[in-house]
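S.K.: Handing you this structure, nothing more for now.
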Amino acid sequence: AAGMSGGIAYVWDPDDTFVARCNTGMVDVKPLHRESLPELRRMLRKHVKYTGSTVAKDILDHWEDSNPRFKRVMPRDYARVLREMQSKEEEKMTRVPE
């Protein structure tokens, strides 16, 4: 995760060794959010389409068994900014007009 300043990385980790090899000083490594699954699936389909990847095709062919083997990597600062933006958006929605 060195150099990640924003965004989310989805890491295929079939042997569950990524966390031990990742510098977690500035990022969090977590399981996928349920909300992430459609986006990840779309990305994998595009990857297969443009590259012919047999690994991605196999992941998609065995989606229910494969998707839990992904990790979600997000820089902590990026997560903090997203939380702040969401909080401000919620504030706007709950304000009573004067």
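In the structure tokens, chains take the letters A, B, ... in the order shown, each chain's residues start at 1, and ligands count up from 1 in the order shown.
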Among chain A, which ones does DSSP assign to strand (DSSP E) (computed from the backbone)? Answer as an MDAnalysis selection string.
M.R.: chainID A and resid 9:12 27:31 70:75
S.K.: Tell me, in Å to one decimal, how far atom CA of A:Lys57 is from atom CA of A:Leu44.
M.R.: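 For atom CA of A:Lys57 relative to atom CA of A:Leu44, the distance reads 7.8 Å.
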S.K.: Might you pull out every residue within 12 Å of A:Thr54, with only C-alpha atoms counted and same-chain residues fewer than 6 positions away left off, and present them as a ChimeraX atom specification?
M.R.: /A:44-45,47-48,60-61
S.K.: Those same residues - all heavy atoms - I'd like them written as a tab-separated table (two decimals), in the first residue's frame.
M.R.:
chain	number	residue	atom	x	y	z
A	44	LEU	N	-13.84	-6.77	-12.54
A	44	LEU	CA	-13.32	-8.06	-12.98
A	44	LEU	C	-13.81	-8.42	-14.39
A	44	LEU	O	-13.04	-8.93	-15.21
A	44	LEU	CB	-13.70	-9.16	-11.99
A	44	LEU	CG	-12.91	-9.15	-10.69
A	44	LEU	CD1	-13.58	-10.04	-9.66
A	44	LEU	CD2	-11.47	-9.59	-10.93
A	45	ARG	N	-15.08	-8.14	-14.66
A	45	ARG	CA	-15.62	-8.41	-16.01
A	45	ARG	C	-14.88	-7.60	-17.06
A	45	ARG	O	-14.55	-8.10	-18.13
A	45	ARG	CB	-17.12	-8.11	-16.05
A	45	ARG	CG	-17.95	-9.16	-15.36
A	45	ARG	CD	-19.42	-8.84	-15.48
A	45	ARG	NE	-20.22	-9.84	-14.79
A	45	ARG	CZ	-21.28	-9.58	-14.06
A	45	ARG	NH1	-21.71	-8.33	-13.92
A	45	ARG	NH2	-21.95	-10.54	-13.47
A	47	HIS	N	-11.85	-6.46	-16.78
A	47	HIS	CA	-10.50	-7.01	-16.83
A	47	HIS	C	-10.45	-8.24	-17.74
A	47	HIS	O	-9.55	-8.37	-18.58
A	47	HIS	CB	-10.03	-7.35	-15.41
A	47	HIS	CG	-8.61	-7.81	-15.35
A	47	HIS	ND1	-7.55	-7.00	-15.64
A	47	HIS	CD2	-8.09	-9.03	-15.03
A	47	HIS	CE1	-6.43	-7.68	-15.50
A	47	HIS	NE2	-6.72	-8.91	-15.13
A	48	VAL	N	-11.43	-9.12	-17.60
A	48	VAL	CA	-11.50	-10.30	-18.46
A	48	VAL	C	-11.68	-9.86	-19.92
A	48	VAL	O	-10.99	-10.36	-20.82
A	48	VAL	CB	-12.64	-11.25	-18.03
A	48	VAL	CG1	-12.87	-12.34	-19.07
A	48	VAL	CG2	-12.33	-11.86	-16.68
A	60	LEU	N	-14.73	-15.03	-11.32
A	60	LEU	CA	-16.13	-14.75	-11.65
A	60	LEU	C	-16.95	-16.03	-11.76
A	60	LEU	O	-18.10	-16.06	-11.32
A	60	LEU	CB	-16.21	-13.96	-12.95
A	60	LEU	CG	-15.74	-12.51	-12.86
A	60	LEU	CD1	-15.56	-11.92	-14.25
A	60	LEU	CD2	-16.70	-11.68	-12.02
A	61	ASP	N	-16.36	-17.07	-12.33
A	61	ASP	CA	-17.07	-18.35	-12.47
A	61	ASP	C	-17.38	-18.99	-11.13
A	61	ASP	O	-18.31	-19.80	-11.02
A	61	ASP	CB	-16.26	-19.32	-13.33
A	61	ASP	CG	-16.23	-18.95	-14.80
A	61	ASP	OD1	-17.04	-18.09	-15.23
A	61	ASP	OD2	-15.38	-19.50	-15.53
S.K.: Of the candidates A:Arg69, A:His62, A:Arg41, A:Arg34, which shows the shortest atom-to-atom distance to A:Pro14, using only C-alpha atoms?
M.R.: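 For A:Pro14, the nearest of the given residues is A:Arg69.
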